[in-house]
file upload-v3.txt (compact mmCIF, C-alpha atoms)
# COMPACT_ATOMS: atom_id res chain seq x y z
CA MET G 1347 17.87 -2.09 -22.37
CA ASN G 1348 17.15 0.82 -24.70
CA SER G 1349 19.69 3.52 -23.78
CA SER G 1350 17.25 6.25 -24.83
CA LYS G 1351 14.94 5.33 -21.98
CA SER G 1352 15.34 7.41 -18.83
CA ILE G 1353 15.45 5.98 -15.31
CA ALA G 1354 14.85 7.86 -12.07
CA VAL G 1355 15.87 6.32 -8.76
CA LEU G 1356 13.67 7.75 -6.00
CA ILE G 1357 14.88 7.60 -2.39
CA PRO G 1358 12.59 9.05 0.31
CA CYS G 1359 14.66 9.82 3.41
CA TYR G 1360 14.17 10.82 7.02
CA ASN G 1361 17.29 10.76 9.21
CA GLU G 1362 19.25 8.16 7.21
CA SER G 1363 22.75 9.60 7.63
CA ALA G 1364 24.16 6.19 8.61
CA THR G 1365 23.31 4.61 5.25
CA ILE G 1366 22.39 7.15 2.58
CA GLU G 1367 25.87 7.54 1.06
CA LYS G 1368 26.22 3.79 0.59
CA VAL G 1369 22.73 3.48 -0.91
CA VAL G 1370 23.37 6.27 -3.44
CA ARG G 1371 26.75 4.86 -4.49
CA ASP G 1372 25.42 1.29 -4.76
CA PHE G 1373 22.73 2.39 -7.20
CA GLN G 1374 25.14 4.59 -9.12
CA GLN G 1375 27.21 1.49 -9.79
CA VAL G 1376 24.39 -0.72 -11.06
CA LEU G 1377 22.46 2.07 -12.86
CA PRO G 1378 25.10 4.60 -13.95
CA GLU G 1379 22.74 6.16 -16.50
CA ALA G 1380 20.01 6.87 -13.92
CA ASP G 1381 19.24 10.13 -12.16
CA ILE G 1382 19.23 9.48 -8.42
CA TYR G 1383 16.89 11.69 -6.39
CA VAL G 1384 16.94 11.89 -2.61
CA TYR G 1385 13.90 13.60 -1.12
CA ASP G 1386 14.72 14.77 2.39
CA ASN G 1387 11.74 14.81 4.75
CA ASN G 1388 12.86 17.18 7.52
CA SER G 1389 15.94 15.18 8.50
CA GLN G 1390 18.02 16.58 11.36
CA ASP G 1391 21.18 14.51 10.88
CA HIS G 1392 22.57 16.05 7.65
CA THR G 1393 21.14 13.30 5.44
CA ASP G 1394 20.74 15.85 2.64
CA GLU G 1395 24.39 16.93 2.76
CA LEU G 1396 25.65 13.36 2.71
CA ALA G 1397 23.36 12.44 -0.19
CA ARG G 1398 24.53 15.45 -2.19
CA LYS G 1399 28.14 14.59 -1.43
CA ALA G 1400 27.53 11.06 -2.78
CA GLY G 1401 26.21 12.49 -6.06
CA ALA G 1402 22.44 12.47 -5.62
CA ILE G 1403 20.04 15.20 -6.68
CA VAL G 1404 18.59 16.41 -3.37
CA LYS G 1405 15.08 17.81 -3.06
CA TYR G 1406 12.94 18.58 -0.04
CA GLU G 1407 9.45 17.71 1.17
CA TYR G 1408 8.45 19.59 4.32
CA ARG G 1409 5.13 17.83 4.93
CA GLN G 1410 6.06 14.96 7.22
CA GLY G 1411 5.29 11.41 6.11
CA LYS G 1412 6.45 8.98 3.45
CA GLY G 1413 3.20 9.30 1.52
CA ASN G 1414 3.71 13.06 1.23
CA VAL G 1415 7.26 12.51 -0.02
CA ILE G 1416 6.17 10.02 -2.67
CA ARG G 1417 3.37 12.34 -3.81
CA SER G 1418 5.94 15.06 -4.51
CA MET G 1419 8.30 12.62 -6.23
CA PHE G 1420 5.59 11.35 -8.54
CA TRP G 1421 4.38 14.85 -9.39
CA ASP G 1422 7.79 16.44 -9.92
CA ILE G 1423 9.87 13.87 -11.80
CA ASP G 1424 9.50 12.69 -15.39
CA ALA G 1425 11.09 9.44 -16.52
CA ASP G 1426 10.30 6.26 -18.44
CA CYS G 1427 11.05 4.06 -15.44
CA TYR G 1428 10.95 4.91 -11.75
CA LEU G 1429 12.79 2.83 -9.16
CA MET G 1430 11.74 3.50 -5.57
CA ILE G 1431 14.04 2.39 -2.77
CA ASP G 1432 14.32 3.13 0.94
CA GLY G 1433 17.42 4.91 2.18
CA ASP G 1434 18.13 2.43 5.00
CA ASP G 1435 20.29 -0.03 3.00
CA THR G 1436 17.96 -2.98 3.61
CA TYR G 1437 17.35 -3.66 -0.10
CA PRO G 1438 20.05 -4.93 -2.50
CA ALA G 1439 21.02 -2.79 -5.48
CA GLU G 1440 21.86 -5.95 -7.46
CA ASN G 1441 18.21 -6.43 -8.46
CA ALA G 1442 17.73 -2.88 -9.76
CA ARG G 1443 18.71 -3.58 -13.38
CA GLN G 1444 16.40 -6.57 -13.67
CA MET G 1445 13.49 -4.63 -12.15
CA CYS G 1446 13.99 -1.73 -14.57
CA ASP G 1447 14.28 -4.15 -17.50
CA LEU G 1448 10.88 -5.61 -16.65
CA VAL G 1449 9.35 -2.12 -16.83
CA LEU G 1450 11.18 -0.87 -19.92
CA ASN G 1451 11.33 -4.02 -22.03
CA LYS G 1452 8.37 -6.10 -20.90
CA GLY G 1453 5.88 -3.31 -20.17
CA VAL G 1454 5.31 -4.21 -16.53
CA ASP G 1455 3.60 -1.38 -14.66
CA MET G 1456 4.82 -2.25 -11.18
CA VAL G 1457 7.62 -4.59 -10.12
CA VAL G 1458 7.68 -5.41 -6.42
CA GLY G 1459 10.87 -6.51 -4.69
CA ASP G 1460 9.50 -9.51 -2.82
CA ARG G 1461 11.22 -9.74 0.60
CA LEU G 1462 8.96 -12.35 2.15
CA SER G 1463 9.73 -15.27 -0.17
CA LEU G 1464 13.43 -15.37 0.73
CA SER G 1465 15.19 -13.81 3.72
CA TYR G 1466 12.80 -11.38 5.41
CA PHE G 1467 11.56 -13.59 8.22
CA LYS G 1468 15.13 -14.60 9.08
CA GLU G 1469 16.63 -11.12 8.93
CA ASN G 1470 13.83 -9.20 10.59
CA THR G 1471 14.02 -9.67 14.35
CA ARG G 1472 10.70 -7.96 15.14
CA PRO G 1473 8.04 -10.70 15.41
CA PHE G 1474 5.08 -8.31 15.30
CA HIS G 1475 6.36 -6.87 11.99
CA ASN G 1476 6.53 -10.41 10.60
CA PHE G 1477 3.00 -11.12 11.81
CA GLY G 1478 1.74 -7.80 10.41
CA ASN G 1479 3.22 -8.42 6.96
CA SER G 1480 1.62 -11.86 6.81
CA LEU G 1481 -1.74 -10.56 8.04
CA VAL G 1482 -1.87 -7.70 5.52
CA GLN G 1483 -0.85 -10.05 2.70
CA LYS G 1484 -3.63 -12.53 3.53
CA LEU G 1485 -6.27 -9.82 3.93
CA ILE G 1486 -5.54 -8.17 0.59
CA ASN G 1487 -5.25 -11.45 -1.31
CA GLN G 1488 -8.56 -12.57 0.16
CA ILE G 1489 -10.41 -9.33 -0.54
CA PHE G 1490 -9.01 -8.74 -4.04
CA HIS G 1491 -8.69 -12.40 -5.12
CA ALA G 1492 -4.97 -11.96 -5.75
CA GLU G 1493 -1.74 -13.85 -5.07
CA VAL G 1494 0.59 -11.03 -4.10
CA ARG G 1495 3.49 -12.29 -1.98
CA ASP G 1496 4.74 -8.96 -0.54
CA VAL G 1497 2.22 -6.16 -0.16
CA MET G 1498 4.33 -3.72 1.86
CA SER G 1499 7.74 -3.82 0.18
CA GLY G 1500 9.46 -0.46 -0.23
CA TYR G 1501 11.51 -1.65 -3.22
CA ARG G 1502 9.52 -1.13 -6.42
CA ALA G 1503 9.91 -0.19 -10.07
CA PHE G 1504 7.12 1.63 -11.92
CA SER G 1505 6.16 2.59 -15.42
CA ARG G 1506 5.38 6.20 -16.24
CA ARG G 1507 1.79 5.12 -16.92
CA PHE G 1508 1.37 3.88 -13.35
CA ILE G 1509 3.09 6.86 -11.72
CA LYS G 1510 1.04 9.49 -13.53
CA ASN G 1511 -2.27 7.68 -12.89
CA PHE G 1512 -1.81 6.86 -9.22
CA PRO G 1513 -3.76 9.08 -6.79
CA VAL G 1514 -1.66 9.28 -3.62
CA MET G 1515 -4.05 9.44 -0.67
CA SER G 1516 -1.97 8.12 2.23
CA LYS G 1517 0.42 10.37 4.15
CA GLY G 1518 2.60 7.78 5.87
CA PHE G 1519 4.06 4.29 5.63
CA GLU G 1520 0.75 2.79 4.49
CA ILE G 1521 1.50 4.13 0.99
CA GLU G 1522 2.92 0.78 -0.24
CA THR G 1523 -0.34 -0.98 0.65
CA GLU G 1524 -2.26 1.67 -1.29
CA MET G 1525 -0.02 1.18 -4.34
CA THR G 1526 -0.60 -2.56 -4.34
CA ILE G 1527 -4.37 -2.26 -4.05
CA HIS G 1528 -4.51 0.38 -6.78
CA ALA G 1529 -2.52 -1.85 -9.14
CA LEU G 1530 -4.79 -4.84 -8.44
CA ASP G 1531 -8.02 -2.90 -8.79
CA LYS G 1532 -7.04 -1.08 -12.00
CA ASN G 1533 -5.60 -4.24 -13.58
CA PHE G 1534 -2.08 -2.89 -14.01
CA LEU G 1535 0.53 -5.46 -14.97
CA LEU G 1536 2.23 -6.41 -11.70
CA GLU G 1537 5.17 -8.74 -11.20
CA GLU G 1538 7.16 -9.70 -8.13
CA LEU G 1539 10.88 -10.40 -8.00
CA PRO G 1540 12.30 -12.24 -4.98
CA ILE G 1541 15.09 -10.26 -3.32
CA GLN G 1542 17.47 -10.82 -0.41
CA TYR G 1543 16.28 -8.47 2.31
CA ARG G 1544 18.81 -7.55 4.99
CA ASN G 1545 18.31 -5.99 8.39
CA ARG G 1546 19.33 -2.40 9.07
CA PRO G 1547 23.06 -1.96 9.75
CA ARG G 1548 24.20 -0.92 13.20
CA GLY G 1549 23.57 2.76 13.85
CA SER G 1550 20.51 2.90 11.58
CA ILE G 1551 17.21 3.26 13.45
CA SER G 1552 13.82 2.27 12.06
CA LYS G 1553 11.15 4.99 11.95
CA LEU G 1554 8.32 2.45 11.98
CA ASN G 1555 6.16 2.02 15.07
CA THR G 1556 4.90 -1.55 15.07
CA PHE G 1557 1.49 -0.84 16.56
CA SER G 1558 0.58 2.68 15.44
CA ASP G 1559 1.80 2.20 11.87
CA GLY G 1560 0.30 -1.29 11.78
CA PHE G 1561 -3.04 0.15 12.85
CA LYS G 1562 -2.79 2.80 10.11
CA VAL G 1563 -2.15 0.09 7.52
CA LEU G 1564 -5.19 -1.88 8.68
CA MET G 1565 -7.33 1.28 8.56
CA THR G 1566 -6.02 1.95 5.05
CA ILE G 1567 -7.04 -1.55 3.98
CA ALA G 1568 -10.52 -0.99 5.45
CA ARG G 1569 -10.84 2.38 3.68
CA LEU G 1570 -9.66 1.03 0.34
CA PHE G 1571 -11.84 -2.07 0.75
CA CYS G 1572 -14.82 0.28 1.14
CA ASN G 1573 -13.74 2.45 -1.80
CA TYR G 1574 -12.80 -0.31 -4.25
CA LYS G 1575 -15.20 -3.11 -3.22
CA PRO G 1576 -18.23 -1.30 -1.76
CA LEU G 1577 -20.79 -4.03 -2.42
CA LEU G 1578 -18.68 -6.68 -0.68
CA PHE G 1579 -17.80 -4.27 2.14
CA PHE G 1580 -21.37 -3.23 2.90
CA SER G 1581 -22.70 -6.75 2.36
CA SER G 1582 -20.35 -7.90 5.14
CA ILE G 1583 -21.81 -5.26 7.45
CA THR G 1584 -25.32 -6.30 6.40
CA LEU G 1585 -24.58 -9.90 7.29
CA VAL G 1586 -23.41 -8.90 10.79
CA PHE G 1587 -26.54 -6.83 11.40
CA LEU G 1588 -28.84 -9.57 10.15
CA LEU G 1589 -27.17 -12.23 12.30
CA VAL G 1590 -27.52 -10.08 15.44
CA SER G 1591 -31.10 -9.27 14.48
CA LEU G 1592 -31.87 -12.95 14.00
CA GLY G 1593 -30.25 -13.79 17.35
CA LEU G 1594 -32.59 -11.35 19.09
CA PHE G 1595 -35.65 -12.38 17.10
CA ILE G 1596 -35.50 -16.15 17.60
CA PRO G 1597 -36.24 -16.12 21.39
CA VAL G 1598 -39.15 -13.74 20.78
CA LEU G 1599 -40.48 -16.05 18.07
CA ILE G 1600 -40.17 -19.10 20.34
CA ASP G 1601 -42.14 -17.31 23.08
CA TYR G 1602 -44.82 -16.37 20.58
CA LEU G 1603 -45.15 -19.91 19.23
CA SER G 1604 -45.35 -21.30 22.77
CA THR G 1605 -47.74 -18.79 24.37
CA GLY G 1606 -49.22 -16.74 21.55
CA LEU G 1607 -47.87 -13.64 23.28
CA VAL G 1608 -44.98 -11.25 22.65
CA PRO G 1609 -43.76 -10.30 26.13
CA ARG G 1610 -40.53 -8.63 24.95
CA PHE G 1611 -41.57 -5.88 22.60
CA PRO G 1612 -38.35 -3.81 23.08
CA THR G 1613 -36.30 -6.81 21.92
CA LEU G 1614 -38.54 -7.24 18.90
CA ILE G 1615 -38.24 -3.54 18.02
CA VAL G 1616 -34.44 -3.59 18.31
CA SER G 1617 -34.34 -6.73 16.16
CA GLY G 1618 -36.44 -5.07 13.49
CA MET G 1619 -34.34 -1.90 13.53
CA LEU G 1620 -31.11 -3.87 13.15
CA ALA G 1621 -32.56 -5.78 10.19
CA LEU G 1622 -33.67 -2.51 8.61
CA LEU G 1623 -30.22 -0.97 9.08
CA GLY G 1624 -28.65 -4.07 7.56
CA PHE G 1625 -30.75 -3.76 4.41
CA MET G 1626 -29.96 -0.04 4.22
CA PHE G 1627 -26.23 -0.85 4.24
CA PHE G 1628 -26.83 -3.42 1.50
CA PHE G 1629 -28.58 -0.93 -0.76
CA CYS G 1630 -25.84 1.64 -0.10
CA GLY G 1631 -23.37 -0.99 -1.28
CA ILE G 1632 -25.32 -1.53 -4.50
CA VAL G 1633 -25.41 2.20 -5.30
CA LEU G 1634 -21.71 2.68 -4.52
CA GLU G 1635 -20.78 -0.40 -6.55
CA VAL G 1636 -22.45 1.12 -9.62
CA ILE G 1637 -20.55 4.39 -9.04
CA THR G 1638 -17.27 2.49 -8.60
CA GLN G 1639 -17.77 0.60 -11.86
CA LYS G 1640 -18.46 3.88 -13.66
CA HIS G 1641 -15.25 5.31 -12.23
CA LYS G 1642 -13.34 2.28 -13.51
CA GLN G 1643 -14.79 2.80 -16.98
CA LEU G 1644 -13.82 6.49 -16.88
CA PHE G 1645 -10.32 5.59 -15.68
CA GLU G 1646 -9.87 3.20 -18.62
CA LEU G 1647 -11.03 5.86 -21.09
CA LEU G 1648 -8.68 8.49 -19.64
CA MET G 1649 -5.75 6.04 -19.74
CA LYS G 1650 -5.94 5.72 -23.51

call {"tool": "encode", "arguments": {"input": "upload-v3.txt", "output": "structure tokens"}}
result
Amino acid sequence: MNSSKSIAVLIPCYNESATIEKVVRDFQQVLPEADIYVYDNNSQDHTDELARKAGAIVKYEYRQGKGNVIRSMFWDIDADCYLMIDGDDTYPAENARQMCDLVLNKGVDMVVGDRLSLSYFKENTRPFHNFGNSLVQKLINQIFHAEVRDVMSGYRAFSRRFIKNFPVMSKGFEIETEMTIHALDKNFLLEELPIQYRNRPRGSISKLNTFSDGFKVLMTIARLFCNYKPLLFFSSITLVFLLVSLGLFIPVLIDYLSTGLVPRFPTLIVSGMLALLGFMFFFCGIVLEVITQKHKQLFELLMK
């Protein structure tokens, strides 16, 4: 690795006093040349003091939510390579050097520490989390025609180019999903590196709520699907409206062919309105698709 290249290790934290000292020291050992930043997000258990004691540069983000913390990190810090890691000691420091090498020497824009290919499903004892990770992975790969193995990993390395051109929109834990979709849509070079995930040590409590945070992730996927693939998104809605419209229209048509009469005018009117709404959604999708493509062209020009 070129020693003139700078590395910043970014650790967003909220009440991680049980693990933060170990995490900071682990990464100091494998990346002694890196600056390690701990961003405290209103912790009440002296996480900031313990991180500072371990040798980290401590900063604060008072707007609650991981997305808000990452927005501040990305805005404030300048480096050639950024390594983002959670402060809960679930990710191994041993992979950090290899992940940074991929960014600095190979030009990869985002390296994802892939938990799901190795130990995640064995270590993680929460079945709904396992189901949610698999569901999100399948949805995104289907929508964006990708083969990403771990969409929601919190262990990632980034190039400066990615960091400074990533619009952070999410406020909470759905931020990783947003990063993955942005990288796929903007054709950033993305690689995944299998890692050995481990469960939280005793005394460390997860801040994730399986259902509420899972719902937020699904809503984020829906929002980004609409923003990044508007024609496909609105065409799907059009198809639903047309199928319902057809289901209402067919009995009316059968009655008309049998008797020459239309006894159910309200049904016919509703059927026609649903078909009209479906076509309106389709044309909205066409217009938004043109706008989206223009935004992509502008993004490519501004990246140069």

call {"tool": "residues_around", "arguments": {"input": "upload-v3.txt", "residues": "Ile1596 (chain G)", "least_positions_apart": "4", "cutoff": "12 Å", "atoms": "all atoms listed in the file", "output": "PyMOL selection string"}}
result
chain G and resi 1588-1592+1600-1603+1608+1610+1613-1614+1617-1618

call {"tool": "residues_around", "arguments": {"input": "upload-v3.txt", "residues": "Glu1646 (chain G)", "least_positions_apart": "2", "cutoff": "12 Å", "atoms": "only C-alpha atoms", "output": "PyMOL selection string"}}
result
chain G and resi 1507+1511+1531-1534+1639-1644+1648-1650

call {"tool": "atom_distance", "arguments": {"input": "upload-v3.txt", "atom1": "CA of Arg1409 (chain G)", "atom2": "CA of Ala1380 (chain G)"}}
result
26.4 Å

call {"tool": "atom_distance", "arguments": {"input": "upload-v3.txt", "atom1": "CA of Phe1420 (chain G)", "atom2": "CA of Asp1435 (chain G)"}}
result
21.9 Å

call {"tool": "closest_residue", "arguments": {"input": "upload-v3.txt", "among": "G:Leu1578, G:Leu1585, G:Ile1366, G:Leu1530", "to": "Ala1621 (chain G)", "atoms": "all atoms listed in the file"}}
result
G:Leu1585

call {"tool": "residues_near_point", "arguments": {"input": "upload-v3.txt", "point": "(5.3, 21.8, 6.9)", "cutoff": "10 Å", "atoms": "only C-alpha atoms", "output": "ChimeraX atom specification"}}
result
/G:1387-1388,1407-1410

call {"tool": "write_last_selection", "arguments": {"input": "upload-v3.txt", "atoms": "C-alpha atoms", "output": "compact mmCIF listing (two decimals), keeping the file's coordinate frame"}}
result
# COMPACT_ATOMS: atom_id res chain seq x y z
CA ASN G 1387 11.74 14.81 4.75
CA ASN G 1388 12.86 17.18 7.52
CA GLU G 1407 9.45 17.71 1.17
CA TYR G 1408 8.45 19.59 4.32
CA ARG G 1409 5.13 17.83 4.93
CA GLN G 1410 6.06 14.96 7.22

call {"tool": "atom_distance", "arguments": {"input": "upload-v3.txt", "atom1": "CA of Val1458 (chain G)", "atom2": "CA of Glu1522 (chain G)"}}
result
10.0 Å

call {"tool": "residues_near_point", "arguments": {"input": "upload-v3.txt", "point": "(12.0, -3.2, -13.9)", "cutoff": "10 Å", "atoms": "only C-alpha atoms", "output": "PyMOL selection string"}}
result
chain G and resi 1353+1427-1429+1441-1459+1502-1505+1537-1539

call {"tool": "write_last_selection", "arguments": {"input": "upload-v3.txt", "atoms": "C-alpha atoms", "output": "PDB file, in the frame of the given file"}}
result
ATOM      1  CA  ILE G1353      15.450   5.980 -15.310  1.00  0.00           C
ATOM      2  CA  CYS G1427      11.050   4.060 -15.440  1.00  0.00           C
ATOM      3  CA  TYR G1428      10.950   4.910 -11.750  1.00  0.00           C
ATOM      4  CA  LEU G1429      12.790   2.830  -9.160  1.00  0.00           C
ATOM      5  CA  ASN G1441      18.210  -6.430  -8.460  1.00  0.00           C
ATOM      6  CA  ALA G1442      17.730  -2.880  -9.760  1.00  0.00           C
ATOM      7  CA  ARG G1443      18.710  -3.580 -13.380  1.00  0.00           C
ATOM      8  CA  GLN G1444      16.400  -6.570 -13.670  1.00  0.00           C
ATOM      9  CA  MET G1445      13.490  -4.630 -12.150  1.00  0.00           C
ATOM     10  CA  CYS G1446      13.990  -1.730 -14.570  1.00  0.00           C
ATOM     11  CA  ASP G1447      14.280  -4.150 -17.500  1.00  0.00           C
ATOM     12  CA  LEU G1448      10.880  -5.610 -16.650  1.00  0.00           C
ATOM     13  CA  VAL G1449       9.350  -2.120 -16.830  1.00  0.00           C
ATOM     14  CA  LEU G1450      11.180  -0.870 -19.920  1.00  0.00           C
ATOM     15  CA  ASN G1451      11.330  -4.020 -22.030  1.00  0.00           C
ATOM     16  CA  LYS G1452       8.370  -6.100 -20.900  1.00  0.00           C
ATOM     17  CA  GLY G1453       5.880  -3.310 -20.170  1.00  0.00           C
ATOM     18  CA  VAL G1454       5.310  -4.210 -16.530  1.00  0.00           C
ATOM     19  CA  ASP G1455       3.600  -1.380 -14.660  1.00  0.00           C
ATOM     20  CA  MET G1456       4.820  -2.250 -11.180  1.00  0.00           C
ATOM     21  CA  VAL G1457       7.620  -4.590 -10.120  1.00  0.00           C
ATOM     22  CA  VAL G1458       7.680  -5.410  -6.420  1.00  0.00           C
ATOM     23  CA  GLY G1459      10.870  -6.510  -4.690  1.00  0.00           C
ATOM     24  CA  ARG G1502       9.520  -1.130  -6.420  1.00  0.00           C
ATOM     25  CA  ALA G1503       9.910  -0.190 -10.070  1.00  0.00           C
ATOM     26  CA  PHE G1504       7.120   1.630 -11.920  1.00  0.00           C
ATOM     27  CA  SER G1505       6.160   2.590 -15.420  1.00  0.00           C
ATOM     28  CA  GLU G1537       5.170  -8.740 -11.200  1.00  0.00           C
ATOM     29  CA  GLU G1538       7.160  -9.700  -8.130  1.00  0.00           C
ATOM     30  CA  LEU G1539      10.880 -10.400  -8.000  1.00  0.00           C
TER      31      LEU G1539
END

call {"tool": "residues_around", "arguments": {"input": "upload-v3.txt", "residues": "Tyr1437 (chain G)", "least_positions_apart": "5", "cutoff": "7 Å", "atoms": "all atoms listed in the file", "output": "MDAnalysis selection string"}}
result
chainID G and resid 1501 1543:1544

call {"tool": "closest_residue", "arguments": {"input": "upload-v3.txt", "among": "G:Asp1386, G:Ile1541, G:Ala1568, G:Met1515", "to": "Leu1462 (chain G)", "atoms": "all atoms listed in the file"}}
result
G:Ile1541

call {"tool": "residues_around", "arguments": {"input": "upload-v3.txt", "residues": "Ile1637 (chain G)", "least_positions_apart": "6", "cutoff": "12 Å", "atoms": "all atoms listed in the file", "output": "PyMOL selection string"}}
result
chain G and resi 1573-1577+1630-1631+1643-1644

call {"tool": "closest_residue", "arguments": {"input": "upload-v3.txt", "among": "G:Cys1359, G:Asp1381, G:Pro1438, G:Phe1561", "to": "Tyr1406 (chain G)", "atoms": "all atoms listed in the file"}}
result
G:Cys1359

call {"tool": "axis_aligned_box", "arguments": {"input": "upload-v3.txt", "around": "region 1599-1615 of chain G", "padding_each_side": "3 Å", "output": "JSON"}}
result
{"center_x": -42.8, "center_y": -12.4, "center_z": 22.1, "size_x": 18.9, "size_y": 23.8, "size_z": 14.1}

call {"tool": "closest_residue", "arguments": {"input": "upload-v3.txt", "among": "G:Trp1421, G:Phe1490, G:Phe1512, G:Phe1595", "to": "Cys1572 (chain G)", "atoms": "all atoms listed in the file"}}
result
G:Phe1490

call {"tool": "closest_residue", "arguments": {"input": "upload-v3.txt", "among": "G:Lys1510, G:Gln1390, G:Ile1489, G:Ala1529", "to": "Ser1582 (chain G)", "atoms": "all atoms listed in the file"}}
result
G:Ile1489
